[in-house]
Structure formats: structure tokens, C-alpha cells
Amino acid sequence: MAHSASMSSRQASADADSSTHHPTLIESLKEYARGIAGGLLFSLPLLYTMEIWWAGFIAGPWRLCILFGVTFALLLGYNRFVGLHNDATLLEIAVDSIEEMGIGLLLSMAILWMLGRITPRMPLQEIVGKTVVEAMNVAIGVSVGTAQLGGQSHHEGQQQDNAGSLSDNKALFAQLVLALCGAVLIAANVAPTEEIVLIAVESNAWHLLMMSGVSLVLSAMILFYSDFTGAPKRDPDSGFSTVLRGTAITYGIALLASAAILWFFGRFTGTAFGVALAETIVLGVPAVLGASAGRLLLQ
Amino acid sequence: MKNLEKNWLEWSVFGISALLVLGMLGYLVYNGATSTSSPPLLSVSVGQGEQHGAQYLVPITVSNAGSQTAEAVQVTLTLTGTQPSEVSSVQLNYVPRGSQRQAWVTFHSDPHSGSIEARIEGFAQP
């Protein structure tokens, strides 16, 4: 992602008018290559994690459907605000989202098969379950990879357009979607592991408070105080309230994402409220990292 | 619609993707609508034992016909009719819903000269 600035000038002329023409085969192949690279970069740890394989056959079909729906909504949101040019129609966004979902499914099926986690003799139920659970994170990775790992300059220009033409409400909504995508991408890597439950159960109130504090500090640091790539030039007079609000919203999104992911992996079933809250705060630390960085990097 | 211009490669990728997405989603919905919320229904079938060194290896297959996954499945096999009678057991990490898992147990005596009774002792809910 950091390369985009340096590579942009070289490809500027080639990409300047690509949006109005049929893309050439080479162009689309390159785009798929970026998508595959992104998908694997973000989700290979998950494909190598046994708790995820188990989740594939433990989660019931309705829970998998919900996962499908949520991922599709995230893809739609991401493609609406980032992946495509600003005047993309809903149909266009939907077509691209379905494509990314399909690539995610194919990719996770291929990797799971390579790793010997699914075999043709397994019942369809188990194959579908494992593939779907893995594919959702791969699909978001594909989407991010296609949009981010390329070096097009029109992308940067379009970002400005996006920011300029979106109303305040829409801009906030776009930020929320990006924060959610970032939180899911990062938190999903550790969410299904036993370690989250272990830390949650063994932490006392002070540890949990410390985790919340660290989450807030990390978020404020990334969003406002580190000149992170993509961070808006902050008006020095904008004051503490802006920082407080931005940080609080991001942490809220991170906790929401943590809770949703933990629920999906069945971590809340039969669990006392206090323990569930502790798990959410524990997972909130990586989630807030993803959410804060996502707001800046994924755009 | 002018933005929806794709070449044949992109259309075929989209076609395959749409088929895959609809197929998987359709299967999940069908699966959800037809499956009842029965607990794990486990059964054991015992295969033919074969001799390896001083031991006899007996393959077993545990099937789960229920709609929930069973964890930590404890299977015990009792070999009677031999001198002395023997008890062997094995634990399976997971037997997913609608799936089968294979395992082996060992006996000192020839299982062909007696009869084997297989039993699922218990399992956990994941």
C-alpha cells in the first residue's frame, strides 16, 4: 500500500482513461492477481488455523447464512466507498462484490484442499461449512487487495473526489464501513482461538481496564498523532473534542465487530455476561488497531 | 450502464462467482430448512481386524446422523469370548454433523475368535 505514491506516475497515462473502455485481458488478469495476493495476505493465517476449520462444521447453516449476508454487506460498502469510481451504479457495485465473493470461495476451497482440510469424500455439509467460513475473510482481502495493492494514480485522484463530493453524513458512513472492514480483517485472525477465552477468564478488572485504555490510546495515536499514511492534516485548533469523538467512535466500532465475530464462533453461548464482555474487550485491542488503521489505509 | 463494460474473462469470472455464491447460499438455506435440531446421533461400525506384530488392529467408523457436531467422542470396544476378555477405547476430537470419522483400536487377542461390542460412552457439545 505504501508503494502507491511512487508507482503512480508511471502508470498514470495508462490508466487515465481505462474506466471508459473495455479493460484488456492483461489488465483484468493483473487485477485478479492483485485480488488473489490481497486475499491470501490477509487470510492465510486463518486458513492455517484449526479453530476455523472446526467452526466450519460447528456453526449451523443459518449462522453461516448470516455470515454470508454480513460479508456481502461489508463488500458492498467497501466497493461503494473505495473500490470503484465515484459514479458507480448499485448494479456495478453488486457485480463486483459477487465476483470478489466468488474468488474468495474458490481461493479458500483451493487452499483448504491443498492443505488436506477438505477432500472429495467428505460430506458436502462439511466442505461447504469450512469453505464458507474461510472464504468470507478471503473475500474482504480480495476486495482490499484489488483496490489497494495496485499503483493507479486515478485511484488517488478519485479519493479526493470522493471526499469532496460526499456529504458529511455519507463521509462518516464511509469511515464507519472502512473501520468495520479493518476491524474484521485484523480481529478475525485471533478471534476464533482459545487464547481469547483464556485471557478473558484469567484477567481481573484492572487488566481489562488497562486493555480498554490501551485500545483508546492506540486508536487516538494512529488516527490523530502519528501522521499515519492517509491521515487528514489535523487543524491544530480542532481541539480535544474531535480527538475524543473520533477515538470513541472507532473503539465503538471495534467492540461491535469483536462481539459479532465472537458470537459467530459460539463464544457467547452459555457464557455469563461478564465473561462475554471481557472477551469482547480482549479482542477489542486487535480490532481497534484494525479499525483505526483501516479508516486511514483502506481508503 | 456504460460503466458495466467487462471483457469475456471478467464476465466468465463473474458467471462462475455468481453460480458458486448462489449454489453455496442455496445449499445452506436448503440445509437450514431441512435439518431438524436433533442432538448428535452417533453410531459405530466395526471393521475387520488384522494382525500386526503381537497386536490386532480393528478399524472403526463413527458416523453422526444428527444435526449437531459432537466433540471429544469416547468410544469403547469390548472383546468377549476370548481369554481374557479385553476392553479398548479411543477418543475422537470431533465428529461433525452428517460426517464420519475413522479410528483404530488394538486388542491382544484375535478378535475373530470372539465378539466385539462397540459403545459410544459420551461426548461433549462444542
# chains A, B, ... in the order shown; residues from 1 in each chain; ligands from 1
>>> select_by_dssp(residues="range 37-243 of chain A", states="alpha helix (DSSP H)", output="PyMOL selection string")
chain A and resi 37-47+50-58+61-78+90-114+124-148+153-165+168-187+194-202+205-220+239-243
>>> closest_atom_pairs(of="chain A", to="chain B", cutoff="6 Å", atoms="only C-alpha atoms", output="CSV")
residue,atom,partner,partner_atom,distance
A:His22,CA,B:Lys6,CA,5.7
A:Phe57,CA,B:Pro96,CA,5.7
A:Ile58,CA,B:Thr69,CA,5.7
A:Pro61,CA,B:Gly32,CA,5.1
A:Trp62,CA,B:Gly32,CA,5.9
A:Glu99,CA,B:Phe14,CA,5.0
A:Gly102,CA,B:Ser17,CA,3.8
A:Pro123,CA,B:Ser99,CA,6.0
>>> atom_distance(atom1="CA of Val90 in chain B", atom2="CA of Met114 in chain A")
28.4 Å
>>> select_by_dssp(residues="chain B", states="strand (DSSP E)", output="ChimeraX atom specification")
/B:42-46,50-52,55-64,70-80,86-95,100-107,115-124
>>> decode(residues="range 110-126 of chain A", atoms="N, CA, C and O atoms", output="short mmCIF file (atom, residue, chain, number, x, y, z; two decimals), in the first residue's frame")
data_model
loop_
_atom_site.label_atom_id
_atom_site.label_comp_id
_atom_site.auth_asym_id
_atom_site.auth_seq_id
_atom_site.Cartn_x
_atom_site.Cartn_y
_atom_site.Cartn_z
N ALA A 110 -9.60 -23.97 -2.78
CA ALA A 110 -8.35 -24.49 -3.33
C ALA A 110 -7.30 -24.66 -2.23
O ALA A 110 -6.63 -25.70 -2.15
N ILE A 111 -7.17 -23.65 -1.36
CA ILE A 111 -6.15 -23.74 -0.31
C ILE A 111 -6.49 -24.84 0.69
O ILE A 111 -5.63 -25.62 1.08
N LEU A 112 -7.77 -24.92 1.08
CA LEU A 112 -8.17 -25.96 2.03
C LEU A 112 -7.91 -27.35 1.46
O LEU A 112 -7.50 -28.26 2.17
N TRP A 113 -8.15 -27.48 0.15
CA TRP A 113 -7.90 -28.77 -0.50
C TRP A 113 -6.40 -29.06 -0.52
O TRP A 113 -5.96 -30.17 -0.22
N MET A 114 -5.61 -28.02 -0.83
CA MET A 114 -4.15 -28.18 -0.85
C MET A 114 -3.64 -28.61 0.52
O MET A 114 -2.73 -29.41 0.64
N LEU A 115 -4.24 -28.06 1.57
CA LEU A 115 -3.81 -28.37 2.93
C LEU A 115 -4.41 -29.67 3.45
O LEU A 115 -4.18 -30.05 4.59
N GLY A 116 -5.22 -30.31 2.61
CA GLY A 116 -5.82 -31.57 3.03
C GLY A 116 -6.95 -31.42 4.03
O GLY A 116 -7.29 -32.36 4.73
N ARG A 117 -7.51 -30.23 4.11
CA ARG A 117 -8.60 -29.98 5.08
C ARG A 117 -9.95 -30.33 4.51
O ARG A 117 -10.90 -30.55 5.24
N ILE A 118 -10.07 -30.29 3.18
CA ILE A 118 -11.29 -30.82 2.58
C ILE A 118 -10.87 -31.84 1.53
O ILE A 118 -9.86 -31.67 0.85
N THR A 119 -11.62 -32.92 1.47
CA THR A 119 -11.36 -33.96 0.48
C THR A 119 -12.68 -34.27 -0.22
O THR A 119 -13.74 -34.03 0.34
N PRO A 120 -12.59 -34.76 -1.45
CA PRO A 120 -13.83 -35.03 -2.19
C PRO A 120 -14.74 -36.03 -1.49
O PRO A 120 -15.95 -36.05 -1.73
N ARG A 121 -14.20 -36.87 -0.60
CA ARG A 121 -15.03 -37.89 0.03
C ARG A 121 -15.81 -37.38 1.23
O ARG A 121 -16.63 -38.07 1.79
N MET A 122 -15.45 -36.14 1.66
CA MET A 122 -16.17 -35.58 2.81
C MET A 122 -17.61 -35.28 2.45
O MET A 122 -17.92 -35.00 1.30
N PRO A 123 -18.51 -35.32 3.44
CA PRO A 123 -19.89 -34.91 3.14
C PRO A 123 -19.93 -33.44 2.73
O PRO A 123 -19.12 -32.63 3.21
N LEU A 124 -20.87 -33.12 1.84
CA LEU A 124 -20.98 -31.77 1.28
C LEU A 124 -21.10 -30.72 2.39
O LEU A 124 -20.54 -29.63 2.33
N GLN A 125 -21.82 -31.11 3.44
CA GLN A 125 -22.06 -30.20 4.56
C GLN A 125 -20.75 -29.66 5.13
O GLN A 125 -20.61 -28.48 5.41
N GLU A 126 -19.80 -30.58 5.32
CA GLU A 126 -18.54 -30.20 5.94
C GLU A 126 -17.71 -29.34 4.98
O GLU A 126 -17.10 -28.34 5.38
#
